[in-house]
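Raw contents of coords20.txt, compact mmCIF, C-alpha atoms and all ligand atoms:
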# COMPACT_ATOMS: atom_id res chain seq x y z
CA MET A 1 -9.80 -23.52 -31.61
CA THR A 2 -8.48 -20.01 -32.29
CA LEU A 3 -5.99 -18.83 -29.76
CA SER A 4 -6.73 -15.14 -29.89
CA HIS A 5 -4.13 -14.17 -27.29
CA GLU A 6 -1.38 -16.60 -28.15
CA GLY A 7 1.86 -15.77 -26.35
CA TYR A 8 0.23 -13.23 -24.01
CA ILE A 9 0.77 -13.29 -20.27
CA GLY A 10 -2.54 -13.76 -18.50
CA VAL A 11 -2.91 -11.69 -15.33
CA PHE A 12 -5.92 -11.90 -13.02
CA ASP A 13 -7.39 -10.63 -9.80
CA SER A 14 -10.81 -10.41 -8.18
CA GLY A 15 -11.18 -7.00 -9.84
CA VAL A 16 -9.18 -3.79 -10.31
CA GLY A 17 -6.52 -4.58 -7.69
CA GLY A 18 -4.24 -6.65 -9.91
CA ILE A 19 -3.83 -3.63 -12.16
CA SER A 20 -1.34 -2.34 -9.55
CA ILE A 21 0.77 -5.42 -10.40
CA LEU A 22 0.06 -5.28 -14.13
CA ARG A 23 1.47 -1.73 -14.31
CA GLU A 24 4.79 -2.91 -12.91
CA LEU A 25 4.84 -6.01 -15.16
CA ALA A 26 4.27 -3.88 -18.25
CA ARG A 27 6.97 -1.42 -17.12
CA ALA A 28 9.53 -4.16 -16.35
CA LEU A 29 8.75 -6.27 -19.44
CA PRO A 30 7.79 -3.71 -22.08
CA HIS A 31 7.94 -6.14 -25.03
CA GLU A 32 5.50 -8.66 -23.54
CA ASP A 33 1.76 -8.71 -24.32
CA PHE A 34 -0.62 -8.87 -21.35
CA LEU A 35 -4.23 -9.98 -21.09
CA TYR A 36 -5.76 -8.79 -17.83
CA PHE A 37 -8.89 -10.39 -16.37
CA GLY A 38 -10.69 -8.80 -13.43
CA ASP A 39 -13.36 -10.91 -11.75
CA SER A 40 -15.30 -7.85 -10.62
CA ALA A 41 -18.66 -9.63 -10.85
CA ASN A 42 -17.39 -11.92 -8.05
CA ALA A 43 -15.32 -9.48 -5.99
CA PRO A 44 -14.34 -9.35 -3.23
CA TYR A 45 -12.51 -12.68 -2.84
CA GLY A 46 -11.13 -11.89 0.60
CA GLU A 47 -14.38 -12.55 2.38
CA LYS A 48 -15.38 -15.67 0.38
CA SER A 49 -14.71 -19.29 1.30
CA ARG A 50 -11.49 -21.01 0.28
CA ASP A 51 -13.44 -23.28 -2.07
CA GLN A 52 -15.14 -20.41 -3.84
CA VAL A 53 -11.82 -18.63 -4.47
CA LEU A 54 -10.19 -21.87 -5.65
CA ARG A 55 -13.04 -22.56 -8.07
CA ARG A 56 -13.00 -19.05 -9.52
CA SER A 57 -9.19 -19.10 -9.86
CA ARG A 58 -9.21 -22.43 -11.65
CA SER A 59 -11.87 -21.39 -14.12
CA ILE A 60 -10.06 -18.10 -14.87
CA VAL A 61 -6.77 -19.94 -15.47
CA ASP A 62 -8.60 -22.35 -17.82
CA MET A 63 -10.06 -19.42 -19.71
CA LEU A 64 -6.69 -17.62 -20.02
CA LEU A 65 -4.97 -20.80 -21.21
CA ASP A 66 -7.77 -21.40 -23.74
CA GLU A 67 -6.96 -17.93 -25.06
CA GLY A 68 -3.38 -19.09 -25.65
CA CYS A 69 -1.58 -17.39 -22.74
CA LYS A 70 1.99 -18.65 -22.21
CA ALA A 71 2.16 -17.79 -18.49
CA ILE A 72 -0.16 -16.76 -15.68
CA VAL A 73 0.26 -14.13 -12.99
CA ILE A 74 -2.11 -14.42 -10.03
CA ALA A 75 -2.13 -10.69 -9.23
CA CYS A 76 -4.07 -11.28 -6.03
CA ASN A 77 -2.69 -12.13 -2.59
CA THR A 78 -5.90 -13.90 -1.63
CA ALA A 79 -6.07 -16.15 -4.71
CA THR A 80 -2.33 -16.83 -4.44
CA SER A 81 -2.68 -17.96 -0.81
CA VAL A 82 -5.66 -20.17 -1.63
CA ALA A 83 -4.89 -21.52 -5.08
CA ALA A 84 -1.29 -21.05 -6.31
CA ALA A 85 0.08 -24.38 -5.04
CA GLU A 86 -2.85 -26.39 -6.40
CA LEU A 87 -2.87 -24.62 -9.75
CA ARG A 88 0.88 -25.15 -10.17
CA GLY A 89 0.31 -28.86 -9.59
CA GLU A 90 -2.54 -29.00 -12.10
CA TYR A 91 -0.88 -26.89 -14.82
CA ALA A 92 2.75 -27.90 -14.43
CA HIS A 93 3.52 -27.04 -18.08
CA VAL A 94 2.76 -23.32 -17.55
CA PRO A 95 4.67 -20.83 -15.39
CA ILE A 96 2.27 -19.58 -12.70
CA VAL A 97 3.56 -16.66 -10.65
CA GLY A 98 1.77 -15.39 -7.56
CA VAL A 99 2.04 -12.39 -5.28
CA GLU A 100 2.67 -12.33 -1.54
CA PRO A 101 2.62 -9.63 1.13
CA ALA A 102 5.96 -7.78 0.95
CA LEU A 103 7.06 -8.65 4.49
CA LYS A 104 10.57 -9.54 3.37
CA PRO A 105 11.47 -6.10 1.94
CA ALA A 106 9.72 -4.41 4.86
CA THR A 107 11.70 -6.34 7.49
CA LEU A 108 14.96 -5.76 5.60
CA THR A 109 14.48 -1.98 5.60
CA PRO A 110 16.59 -0.25 8.28
CA GLY A 111 14.50 1.58 10.86
CA VAL A 112 11.32 -0.33 10.08
CA GLU A 113 10.69 -2.22 13.33
CA ARG A 114 6.96 -2.02 13.95
CA ILE A 115 5.13 -3.12 10.83
CA LEU A 116 1.44 -2.97 10.06
CA VAL A 117 0.24 -5.65 7.63
CA MET A 118 -3.03 -4.82 5.89
CA ALA A 119 -4.63 -7.67 3.93
CA THR A 120 -7.88 -9.52 3.37
CA PRO A 121 -9.23 -11.75 6.15
CA ILE A 122 -8.47 -14.93 4.13
CA THR A 123 -4.88 -13.96 3.32
CA LEU A 124 -4.03 -13.38 6.97
CA ARG A 125 -5.74 -16.57 8.09
CA LEU A 126 -4.06 -19.04 5.72
CA ASP A 127 -0.83 -20.96 6.32
CA LYS A 128 1.01 -19.25 3.48
CA TYR A 129 0.97 -15.91 5.29
CA GLN A 130 1.64 -17.52 8.69
CA GLN A 131 4.78 -19.16 7.26
CA LEU A 132 5.90 -15.88 5.70
CA ALA A 133 5.46 -14.08 9.03
CA GLU A 134 7.40 -16.81 10.83
CA ARG A 135 10.21 -16.63 8.29
CA TRP A 136 10.64 -12.84 8.18
CA GLY A 137 8.92 -11.47 11.27
CA GLY A 138 11.54 -12.40 13.90
CA GLY A 139 12.92 -9.37 15.75
CA HIS A 140 10.11 -7.15 14.48
CA GLU A 141 6.74 -6.28 15.87
CA ILE A 142 4.17 -7.30 13.27
CA VAL A 143 0.62 -6.03 13.63
CA GLU A 144 -1.83 -7.77 11.31
CA VAL A 145 -5.02 -5.95 10.40
CA PRO A 146 -7.65 -7.74 8.29
CA CYS A 147 -9.44 -5.13 6.20
CA PRO A 148 -12.92 -6.41 5.30
CA GLY A 149 -14.76 -4.05 2.98
CA LEU A 150 -11.71 -2.14 1.76
CA ALA A 151 -11.13 -3.97 -1.56
CA ALA A 152 -14.86 -3.83 -2.32
CA ARG A 153 -14.85 -0.08 -1.67
CA ILE A 154 -11.83 0.44 -3.96
CA GLU A 155 -13.66 -1.51 -6.70
CA GLN A 156 -16.19 1.33 -6.76
CA GLY A 157 -13.58 3.93 -7.81
CA ASN A 158 -13.99 7.53 -6.58
CA LEU A 159 -10.85 7.19 -4.47
CA GLU A 160 -10.84 10.73 -3.10
CA ALA A 161 -14.26 10.46 -1.45
CA ASP A 162 -14.73 11.09 2.28
CA ASP A 163 -16.25 7.68 3.02
CA LEU A 164 -13.00 5.97 1.96
CA GLY A 165 -11.01 8.07 4.44
CA ALA A 166 -13.55 7.24 7.14
CA LEU A 167 -13.29 3.50 6.37
CA LEU A 168 -9.48 3.64 6.59
CA ASP A 169 -9.67 5.58 9.85
CA THR A 170 -11.91 2.87 11.27
CA LEU A 171 -9.61 0.07 10.07
CA VAL A 172 -6.15 1.48 10.83
CA GLY A 173 -6.52 5.03 12.22
CA SER A 174 -5.71 3.85 15.75
CA TYR A 175 -2.12 3.15 14.57
CA PHE A 176 -1.51 6.75 13.48
CA GLY A 177 2.10 7.61 14.35
CA LEU A 178 2.67 4.19 15.96
CA VAL A 179 4.14 2.15 13.08
CA ASP A 180 7.34 2.49 11.00
CA GLY A 181 6.01 0.91 7.81
CA VAL A 182 2.95 -0.68 6.24
CA VAL A 183 2.78 -3.83 4.10
CA LEU A 184 -0.01 -3.54 1.53
CA GLY A 185 -0.96 -7.23 1.47
CA CYS A 186 -3.77 -6.86 -1.04
CA THR A 187 -3.21 -5.65 -4.58
CA HIS A 188 -6.13 -3.22 -4.36
CA TYR A 189 -4.49 -1.15 -1.61
CA PRO A 190 -1.66 0.59 -3.56
CA PHE A 191 -4.40 2.58 -5.31
CA VAL A 192 -5.19 4.25 -1.98
CA SER A 193 -1.60 4.64 -0.74
CA HIS A 194 -2.04 8.36 -0.15
CA ARG A 195 -5.21 7.77 1.86
CA ILE A 196 -3.48 5.06 3.93
CA ARG A 197 -0.67 7.51 4.75
CA GLN A 198 -3.28 10.04 5.87
CA ALA A 199 -4.67 7.38 8.22
CA VAL A 200 -1.42 5.98 9.69
CA GLY A 201 1.21 8.69 9.09
CA ASP A 202 3.86 9.32 6.44
CA VAL A 203 5.71 5.98 6.59
CA PRO A 204 7.12 3.69 3.87
CA LEU A 205 4.59 1.38 2.22
CA PHE A 206 5.60 -2.00 0.78
CA ASP A 207 3.78 -3.92 -1.94
CA GLY A 208 4.51 -7.03 -3.98
CA ALA A 209 4.60 -5.53 -7.49
CA CYS A 210 8.38 -5.36 -8.08
CA GLY A 211 9.01 -8.80 -6.57
CA THR A 212 6.30 -10.29 -8.79
CA ALA A 213 7.76 -8.69 -11.92
CA ARG A 214 11.24 -10.02 -11.09
CA GLN A 215 9.85 -13.49 -10.46
CA LEU A 216 7.89 -13.49 -13.72
CA GLU A 217 10.96 -12.45 -15.69
CA ARG A 218 13.00 -15.26 -14.09
CA ARG A 219 10.33 -17.88 -14.76
CA LEU A 220 9.93 -16.82 -18.41
CA ALA A 221 13.72 -16.76 -18.91
CA ASP A 222 14.11 -20.23 -17.34
CA ARG A 223 11.71 -21.70 -19.87
CA GLY A 224 12.93 -19.68 -22.87
CA LEU A 225 9.58 -17.89 -23.03
CA LEU A 226 10.66 -14.23 -22.97
CA SER A 227 9.34 -12.27 -25.95
CA LYS A 228 11.81 -11.79 -28.77
CA SER A 229 9.87 -8.82 -30.13
CA LYS A 230 11.40 -5.32 -30.07
CA ALA A 231 7.98 -3.68 -30.47
CA PRO A 232 6.05 -2.29 -27.48
CA GLY A 233 3.74 -4.94 -26.02
CA GLU A 234 -0.06 -4.81 -25.88
CA VAL A 235 -2.11 -4.55 -22.71
CA GLU A 236 -5.72 -5.73 -23.02
CA PHE A 237 -8.43 -5.69 -20.37
CA SER A 238 -11.35 -8.02 -19.80
CA SER A 239 -13.76 -8.51 -16.92
CA SER A 240 -16.50 -10.81 -15.68
CA ARG A 241 -18.52 -7.59 -15.40
CA ASP A 242 -18.26 -6.98 -19.09
CA THR A 243 -19.52 -3.44 -19.60
CA SER A 244 -17.82 -0.51 -21.29
CA GLU A 245 -17.91 1.41 -17.97
CA GLU A 246 -16.05 -1.38 -16.18
CA LEU A 247 -13.35 -1.60 -18.83
CA GLU A 248 -13.04 2.19 -18.76
CA LEU A 249 -12.56 1.95 -14.96
CA TYR A 250 -9.79 -0.63 -15.48
CA ARG A 251 -8.01 1.61 -18.00
CA SER A 252 -8.27 4.58 -15.66
CA PHE A 253 -6.67 2.52 -12.82
CA PHE A 254 -3.89 1.51 -15.22
CA ASP A 255 -3.15 5.20 -15.87
CA LEU A 256 -3.53 6.50 -12.30
CA PRO A 257 -0.40 8.09 -10.84
CA LEU A 258 0.53 6.02 -7.77
N1 LIG B 301 -6.74 -7.87 -4.63
C1 LIG B 301 -6.92 -9.08 -3.91
C2 LIG B 301 -5.76 -9.39 -2.98
O1 LIG B 301 -4.66 -9.05 -3.30
C3 LIG B 301 -8.28 -9.48 -3.43
C4 LIG B 301 -9.13 -8.49 -2.77
C5 LIG B 301 -10.52 -9.05 -2.61
O2 LIG B 301 -11.13 -9.35 -3.63
O3 LIG B 301 -10.96 -9.22 -1.46
O4 LIG B 301 -5.92 -10.00 -1.97
Entire entry expressed as structure tokens:
Amino acid sequence: MTLSHEGYIGVFDSGVGGISILRELARALPHEDFLYFGDSANAPYGEKSRDQVLRRSRSIVDMLLDEGCKAIVIACNTATSVAAAELRGEYAHVPIVGVEPALKPATLTPGVERILVMATPITLRLDKYQQLAERWGGGHEIVEVPCPGLAARIEQGNLEADDLGALLDTLVGSYFGLVDGVVLGCTHYPFVSHRIRQAVGDVPLFDGACGTARQLERRLADRGLLSKSKAPGEVEFSSSRDTSEELELYRSFFDLPL
């Protein structure tokens, strides 16, 4: 078997969303090589069954490990909630880092009392999020808003279009001026941060990218897996919707100013 991406860090999501995490990983660990896989042919995950998301996650991890990846980042809140614990049990020899809604930094920010949490329906339903909310939510008012349709709409690109603003108004517009901060509990949402602020007001937004990068660095260091190279790392994109247009879309999301 040829391991064509030996020593890379495999990063995956249901589609373009995980690129918001990948950007931070590549910034924080500039000498690492990354292989990104977006499962756009099967997006969105957030409205699928638990079993479907688990099956897709397992087969993507298999594929990334067959490529020779030394670590995996599940750059998807939904897949992390569904699959991280099981995958860590099955692939104990590989560091597997997930992402979670950034409730902790939000609740630790002075002045942020009433917090809107936007995420996929599955993420908000599962125990992992419920435990997080129990751990960090005390003393705050947490308003959870499942956002069906939003990740799928972001997958289509064209992020300045009117229909996206209308969708956000329908989902969260009723909270305009009524919250102190918003947790972006899906990795697709940072790409529409400016549109979310238009819908809810100019408040701080919290996402899991920095926490995930710190965790990945720790896990690689613990196992002596950090790259020893001094050269800039590579970032490669692949997708289950394997067309040149799709890969071009991924690259454009990687370069978008956030
Ligand atoms: N970006 C993913 C997340 O963080 C999944 C969105 C979806 O496919 O529904 O939850």
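Note that the spacing between CA of Ala151 in chain A and CA of Asp62 in chain A amounts to 24.7 Å.
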Practice item. Scan for residues within 12 Å of the point (-6.6, -1.8, -12.5) in the coordinates of the file, using all atoms listed in the file, and reply as a count of residues only. Key: 48
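Distance-wise, CA of Gly181 in chain A and CA of Ile115 in chain A end up 5.1 Å apart.
Around the point (-8.7, -20.8, -5.4), within 8 Å and counting all atoms listed in the file, we find these residues: A:Arg50, A:Asp51, A:Gln52, A:Val53, A:Leu54, A:Arg55, A:Arg56, A:Ser57, A:Arg58, A:Ala79, A:Thr80, A:Val82, A:Ala83, A:Ala84.
Computed from the coordinates, the CA of Gly111 in chain A to CA of Ile196 in chain A distance equals 19.6 Å.
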Enclose the full set of atoms of ligand LIG 301 (chain B) listed in the file within a box whose edges lie along x, y and z, apply 3 Å of padding to each of the six sides, and report centre and edge lengths in Å to one decimal as JSON.
{"center_x": -7.9, "center_y": -8.9, "center_z": -3.0, "size_x": 12.5, "size_y": 8.1, "size_z": 9.2}
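Using only C-alpha atoms, the smallest distance between any of A:Glu100, A:Ala152, A:Ala213, A:His140 and Ala41 in chain A comes from A:Ala152.
Proximity ranking of A:Arg125, A:Gly68, A:Ser229, A:Asn42 relative to Arg241 in chain A places A:Asn42 first, based on all atoms listed in the file.
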Any idea what's packed within 8 Å of Leu124 in chain A, counting all atoms listed in the file, ignoring anything in its chain fewer than 5 positions away? Could you give it as an mmCIF file with C-alpha atoms, in the frame of the given file?
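After the write, part19.cif holds the following:
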data_model
loop_
_atom_site.group_PDB
_atom_site.id
_atom_site.type_symbol
_atom_site.label_atom_id
_atom_site.label_comp_id
_atom_site.auth_asym_id
_atom_site.auth_seq_id
_atom_site.Cartn_x
_atom_site.Cartn_y
_atom_site.Cartn_z
ATOM 1 C CA ALA A 119 -4.630 -7.670 3.930
ATOM 2 C CA TYR A 129 0.970 -15.910 5.290
ATOM 3 C CA GLN A 130 1.640 -17.520 8.690
ATOM 4 C CA GLU A 144 -1.830 -7.770 11.310
ATOM 5 C CA PRO A 146 -7.650 -7.740 8.290
#
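The smallest atom-to-atom distance between ligand LIG 301 (chain B) and any of A:Val182, A:Ala43, A:Ile122, A:Leu65, using only C-alpha atoms and all ligand atoms, is found for A:Ala43.
Distances from A:Ala92, A:Ala166, A:Leu184, A:Leu116 to ligand LIG 301 (chain B) were compared using all atoms listed in the file, and the smallest one belongs to A:Leu184.
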Review point. Between A:His5, A:Gly233, A:Thr243, A:Glu67, which is the closest to Arg27 in chain A once you count all atoms listed in the file?
Key: A:Gly233
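With distances restricted to all atoms listed in the file, A:Ser240 is the closest residue to Ser59 in chain A from A:Gly7, A:Asp180, A:Asp163, A:Ser240.
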